[in-house]
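Peer 1: The structure is given below, and queries will be raised subsequently.
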Amino acid sequence: MTTKQDRESMEAVAAQMMEYREQIEQLEEQLKEAQAGYDYLSEEVMPELMGGVTRMDLEGITIKTDSSYRCKKITDPAALQWIVDNGHSGRIKSDVNVAYGMKDRDKAEALMLKLQAEGIPAKTEVHVHNQTATGLLNEMAGDGLEITPELLNLLGGYKKTYTKIVKK
């Protein structure tokens, strides 16, 4: 049984916890806003001001702009076929998923060995993971291959330009 003093202590600690939670939520929101502001300046304003120059030495700092490609997970059949046709089929993965409860884990493992023979359908997903797709685009660009808007559209990718500032 809790005493009146125990309840009062719990209420006081709960109040402190709620205050900290509120502070955390406010700080997280401020961080999001600060990151968005930084990204806007880094990805849009500074590259535009630099007008295509990729390095600028100023008093006390060096400003560099660079770009890289980003890509989402690729599941589109046409995009997957492009990857195969262009010699990158090793990057494609196939996942087979079968839902079983925890108590039936050994049954699930046995089923995976004989899916075809049993004729039981399983969800299969063929894809290129987003980090692998991003790596492919950046590797191709690094090799001097042209990354066209059509290719970016096919693969669901985009080019990201950003700025780095280094203090001297």
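Residues are referred to by chain and number: the chain letter is A, B, ... according to the order shown in the structure tokens, the number counts from 1 in that chain, and ligands are numbered separately from 1 in the order shown.
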With a distance cut-off of 12 Å and only C-alpha atoms, select the neighbouring residues of Tyr40 (chain A), excluding the residue or stretch itself and same-chain residues fewer than 5 positions from it, and output the selection as a PyMOL selection string.
Peer 2: chain A and resi 33-35+45-48+160-163
Peer 1: Any chance you could list, as a list in words, the residues in region 22-154 of chain A that come up strand (DSSP E or B) when DSSP is run on the backbone?
Peer 2: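 Checking each residue of region 22-154 of chain A, the strand (DSSP E or B) ones are Arg55, Met56, Asp57, Leu58, Ile61, Thr62, Ile63, Lys64, Thr65, Asp66, Ser67, Ser68, Tyr69, Arg70, Cys71, Ile74, Lys93, Ser94, Asp95, Val96, Asn97, Lys123, Thr124, Glu125, Val126, His127 and Val128 of chain A.
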Peer 1: Counting only C-alpha atoms, which of A:Gly101, A:Gly135, A:Pro149, A:Gly144 gets nearest to Arg70 (chain A)?
Peer 2: A:Gly135
Peer 1: Which one of A:Lys73, A:Lys168, A:Lys107, A:Arg7 sits closest to His129 (chain A) if you count only C-alpha atoms?
Peer 2: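 So, comparing all the options, the nearest one is A:Lys73.
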Peer 1: Can you list, as JSON, numbers by chain, all residues belonging to region 5-85 of chain A that DSSP tags as helix (DSSP H, G or I)?
Peer 2: {"A": [5, 6, 7, 8, 9, 10, 11, 12, 13, 14, 15, 16, 17, 18, 19, 20, 21, 22, 23, 24, 25, 26, 27, 28, 29, 30, 31, 32, 33, 34, 35, 36, 37, 38, 39, 40, 41, 42, 43, 44, 45, 46, 47, 48, 49, 50, 77, 78, 79, 80, 81, 82, 83, 84, 85]}
Peer 1: If we count only C-alpha atoms and set the cut-off at 12 Å, which residues sit around Thr75 (chain A), ignoring sequence neighbours fewer than 4 positions away in its own chain? Please answer as a list in words.
Peer 2: Cys71, Ala79, Leu80, Gln81, Trp82, Ile83, Ile92, Lys93, Ser94, Asp95, Thr124, Glu125, Val126, His127, Val128, His129, Asn130, Ala133, Leu154, Leu155 and Gly156 of chain A
Peer 1: Once you have the residues from the selection above, write them out as a PDB file, in the first residue's frame, restricted to N, CA and C atoms.
Peer 2:
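Output (part.pdb):
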```
ATOM      1  N   CYS A  71      18.730   7.734 -54.065  1.00  0.00           N
ATOM      2  CA  CYS A  71      17.752   6.899 -54.752  1.00  0.00           C
ATOM      3  C   CYS A  71      16.900   6.157 -53.738  1.00  0.00           C
ATOM      4  N   ALA A  79      12.814  -0.542 -64.163  1.00  0.00           N
ATOM      5  CA  ALA A  79      14.078  -0.117 -63.558  1.00  0.00           C
ATOM      6  C   ALA A  79      14.955  -1.327 -63.252  1.00  0.00           C
ATOM      7  N   LEU A  80      14.349  -2.388 -62.737  1.00  0.00           N
ATOM      8  CA  LEU A  80      15.112  -3.607 -62.468  1.00  0.00           C
ATOM      9  C   LEU A  80      15.687  -4.187 -63.763  1.00  0.00           C
ATOM     10  N   GLN A  81      14.917  -4.137 -64.834  1.00  0.00           N
ATOM     11  CA  GLN A  81      15.405  -4.641 -66.119  1.00  0.00           C
ATOM     12  C   GLN A  81      16.561  -3.792 -66.626  1.00  0.00           C
ATOM     13  N   TRP A  82      16.500  -2.470 -66.444  1.00  0.00           N
ATOM     14  CA  TRP A  82      17.603  -1.597 -66.843  1.00  0.00           C
ATOM     15  C   TRP A  82      18.872  -1.986 -66.080  1.00  0.00           C
ATOM     16  N   ILE A  83      18.730  -2.267 -64.795  1.00  0.00           N
ATOM     17  CA  ILE A  83      19.879  -2.657 -63.973  1.00  0.00           C
ATOM     18  C   ILE A  83      20.488  -3.957 -64.496  1.00  0.00           C
ATOM     19  N   ILE A  92      20.665  -6.704 -57.308  1.00  0.00           N
ATOM     20  CA  ILE A  92      19.244  -7.008 -57.115  1.00  0.00           C
ATOM     21  C   ILE A  92      19.107  -8.119 -56.082  1.00  0.00           C
ATOM     22  N   LYS A  93      18.197  -7.941 -55.174  1.00  0.00           N
ATOM     23  CA  LYS A  93      17.934  -8.925 -54.114  1.00  0.00           C
ATOM     24  C   LYS A  93      16.497  -9.422 -54.229  1.00  0.00           C
ATOM     25  N   SER A  94      16.286 -10.653 -53.824  1.00  0.00           N
ATOM     26  CA  SER A  94      14.942 -11.227 -53.778  1.00  0.00           C
ATOM     27  C   SER A  94      14.656 -11.651 -52.346  1.00  0.00           C
ATOM     28  N   ASP A  95      13.550 -11.173 -51.809  1.00  0.00           N
ATOM     29  CA  ASP A  95      13.136 -11.544 -50.464  1.00  0.00           C
ATOM     30  C   ASP A  95      11.896 -12.421 -50.557  1.00  0.00           C
ATOM     31  N   THR A 124       7.002 -12.688 -52.507  1.00  0.00           N
ATOM     32  CA  THR A 124       8.377 -12.511 -52.956  1.00  0.00           C
ATOM     33  C   THR A 124       8.541 -11.074 -53.409  1.00  0.00           C
ATOM     34  N   GLU A 125       9.595 -10.447 -52.956  1.00  0.00           N
ATOM     35  CA  GLU A 125       9.880  -9.077 -53.369  1.00  0.00           C
ATOM     36  C   GLU A 125      11.271  -9.043 -53.973  1.00  0.00           C
ATOM     37  N   VAL A 126      11.344  -8.541 -55.197  1.00  0.00           N
ATOM     38  CA  VAL A 126      12.618  -8.347 -55.861  1.00  0.00           C
ATOM     39  C   VAL A 126      12.893  -6.857 -55.835  1.00  0.00           C
ATOM     40  N   HIS A 127      14.085  -6.467 -55.369  1.00  0.00           N
ATOM     41  CA  HIS A 127      14.363  -5.052 -55.208  1.00  0.00           C
ATOM     42  C   HIS A 127      15.854  -4.773 -55.183  1.00  0.00           C
ATOM     43  N   VAL A 128      16.180  -3.499 -55.304  1.00  0.00           N
ATOM     44  CA  VAL A 128      17.517  -2.998 -55.018  1.00  0.00           C
ATOM     45  C   VAL A 128      17.347  -2.035 -53.860  1.00  0.00           C
ATOM     46  N   HIS A 129      18.021  -2.292 -52.762  1.00  0.00           N
ATOM     47  CA  HIS A 129      17.919  -1.459 -51.564  1.00  0.00           C
ATOM     48  C   HIS A 129      18.313  -0.021 -51.904  1.00  0.00           C
ATOM     49  N   ASN A 130      17.712   0.947 -51.224  1.00  0.00           N
ATOM     50  CA  ASN A 130      17.960   2.356 -51.539  1.00  0.00           C
ATOM     51  C   ASN A 130      19.436   2.732 -51.399  1.00  0.00           C
ATOM     52  N   ALA A 133      21.201   1.309 -54.422  1.00  0.00           N
ATOM     53  CA  ALA A 133      20.875   2.090 -55.612  1.00  0.00           C
ATOM     54  C   ALA A 133      21.600   3.432 -55.608  1.00  0.00           C
ATOM     55  N   LEU A 154      13.627   6.876 -64.000  1.00  0.00           N
ATOM     56  CA  LEU A 154      13.411   5.433 -64.054  1.00  0.00           C
ATOM     57  C   LEU A 154      13.766   4.783 -62.719  1.00  0.00           C
ATOM     58  N   LEU A 155      14.902   5.183 -62.150  1.00  0.00           N
ATOM     59  CA  LEU A 155      15.377   4.562 -60.919  1.00  0.00           C
ATOM     60  C   LEU A 155      14.823   5.219 -59.659  1.00  0.00           C
ATOM     61  N   GLY A 156      14.058   6.301 -59.816  1.00  0.00           N
ATOM     62  CA  GLY A 156      13.510   6.987 -58.648  1.00  0.00           C
ATOM     63  C   GLY A 156      14.574   7.735 -57.870  1.00  0.00           C
TER      64      GLY A 156
END
```
Peer 1: For region 49-51 of chain A, find every residue with an atom within 12 Å (counting only C-alpha atoms), except residues of its own chain fewer than 3 positions away, and show them as a ChimeraX atom specification.
Peer 2: /A:41-46,54-57,63-66,162-163
Peer 1: For those residues, write N, CA and C atoms to a file as a compact mmCIF listing (two decimals), in the first residue's frame.
Peer 2:
```
# COMPACT_ATOMS: atom_id res chain seq x y z
N LEU A 41 20.02 26.65 -47.00
CA LEU A 41 21.20 27.46 -47.33
C LEU A 41 22.27 26.62 -48.02
N SER A 42 22.50 25.40 -47.52
CA SER A 42 23.54 24.53 -48.05
C SER A 42 23.23 23.99 -49.43
N GLU A 43 21.97 23.63 -49.66
CA GLU A 43 21.60 22.94 -50.90
C GLU A 43 21.09 23.88 -51.99
N GLU A 44 20.61 25.05 -51.62
CA GLU A 44 20.03 25.94 -52.62
C GLU A 44 20.73 27.30 -52.70
N VAL A 45 20.80 28.01 -51.58
CA VAL A 45 21.29 29.39 -51.61
C VAL A 45 22.78 29.45 -51.94
N MET A 46 23.63 28.74 -51.19
CA MET A 46 25.07 28.83 -51.41
C MET A 46 25.49 28.32 -52.79
N THR A 54 33.10 25.34 -57.48
CA THR A 54 32.97 24.29 -56.47
C THR A 54 33.83 24.52 -55.23
N ARG A 55 34.73 25.53 -55.28
CA ARG A 55 35.57 25.84 -54.12
C ARG A 55 35.85 27.32 -54.10
N MET A 56 35.73 27.90 -52.91
CA MET A 56 35.99 29.33 -52.74
C MET A 56 36.72 29.50 -51.42
N ASP A 57 37.91 30.12 -51.48
CA ASP A 57 38.66 30.43 -50.27
C ASP A 57 38.38 31.86 -49.88
N ILE A 63 34.89 27.34 -48.69
CA ILE A 63 33.54 26.89 -49.01
C ILE A 63 33.64 25.94 -50.19
N LYS A 64 33.05 24.76 -50.05
CA LYS A 64 33.05 23.77 -51.13
C LYS A 64 31.61 23.36 -51.41
N THR A 65 31.28 23.24 -52.68
CA THR A 65 29.99 22.65 -53.04
C THR A 65 30.28 21.35 -53.77
N ASP A 66 29.42 20.41 -53.57
CA ASP A 66 29.55 19.10 -54.20
C ASP A 66 28.14 18.56 -54.40
N TYR A 162 25.14 20.08 -52.17
CA TYR A 162 25.28 20.53 -50.81
C TYR A 162 26.58 21.32 -50.68
N THR A 163 26.68 22.06 -49.59
CA THR A 163 27.84 22.91 -49.33
C THR A 163 28.52 22.48 -48.05
```
Peer 1: Do you have the CA of Gly37 (chain A)-CA of Leu137 (chain A) distance handy?
Peer 2: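 So the two atoms, CA of Gly37 (chain A) and CA of Leu137 (chain A), lie 27.1 Å apart.
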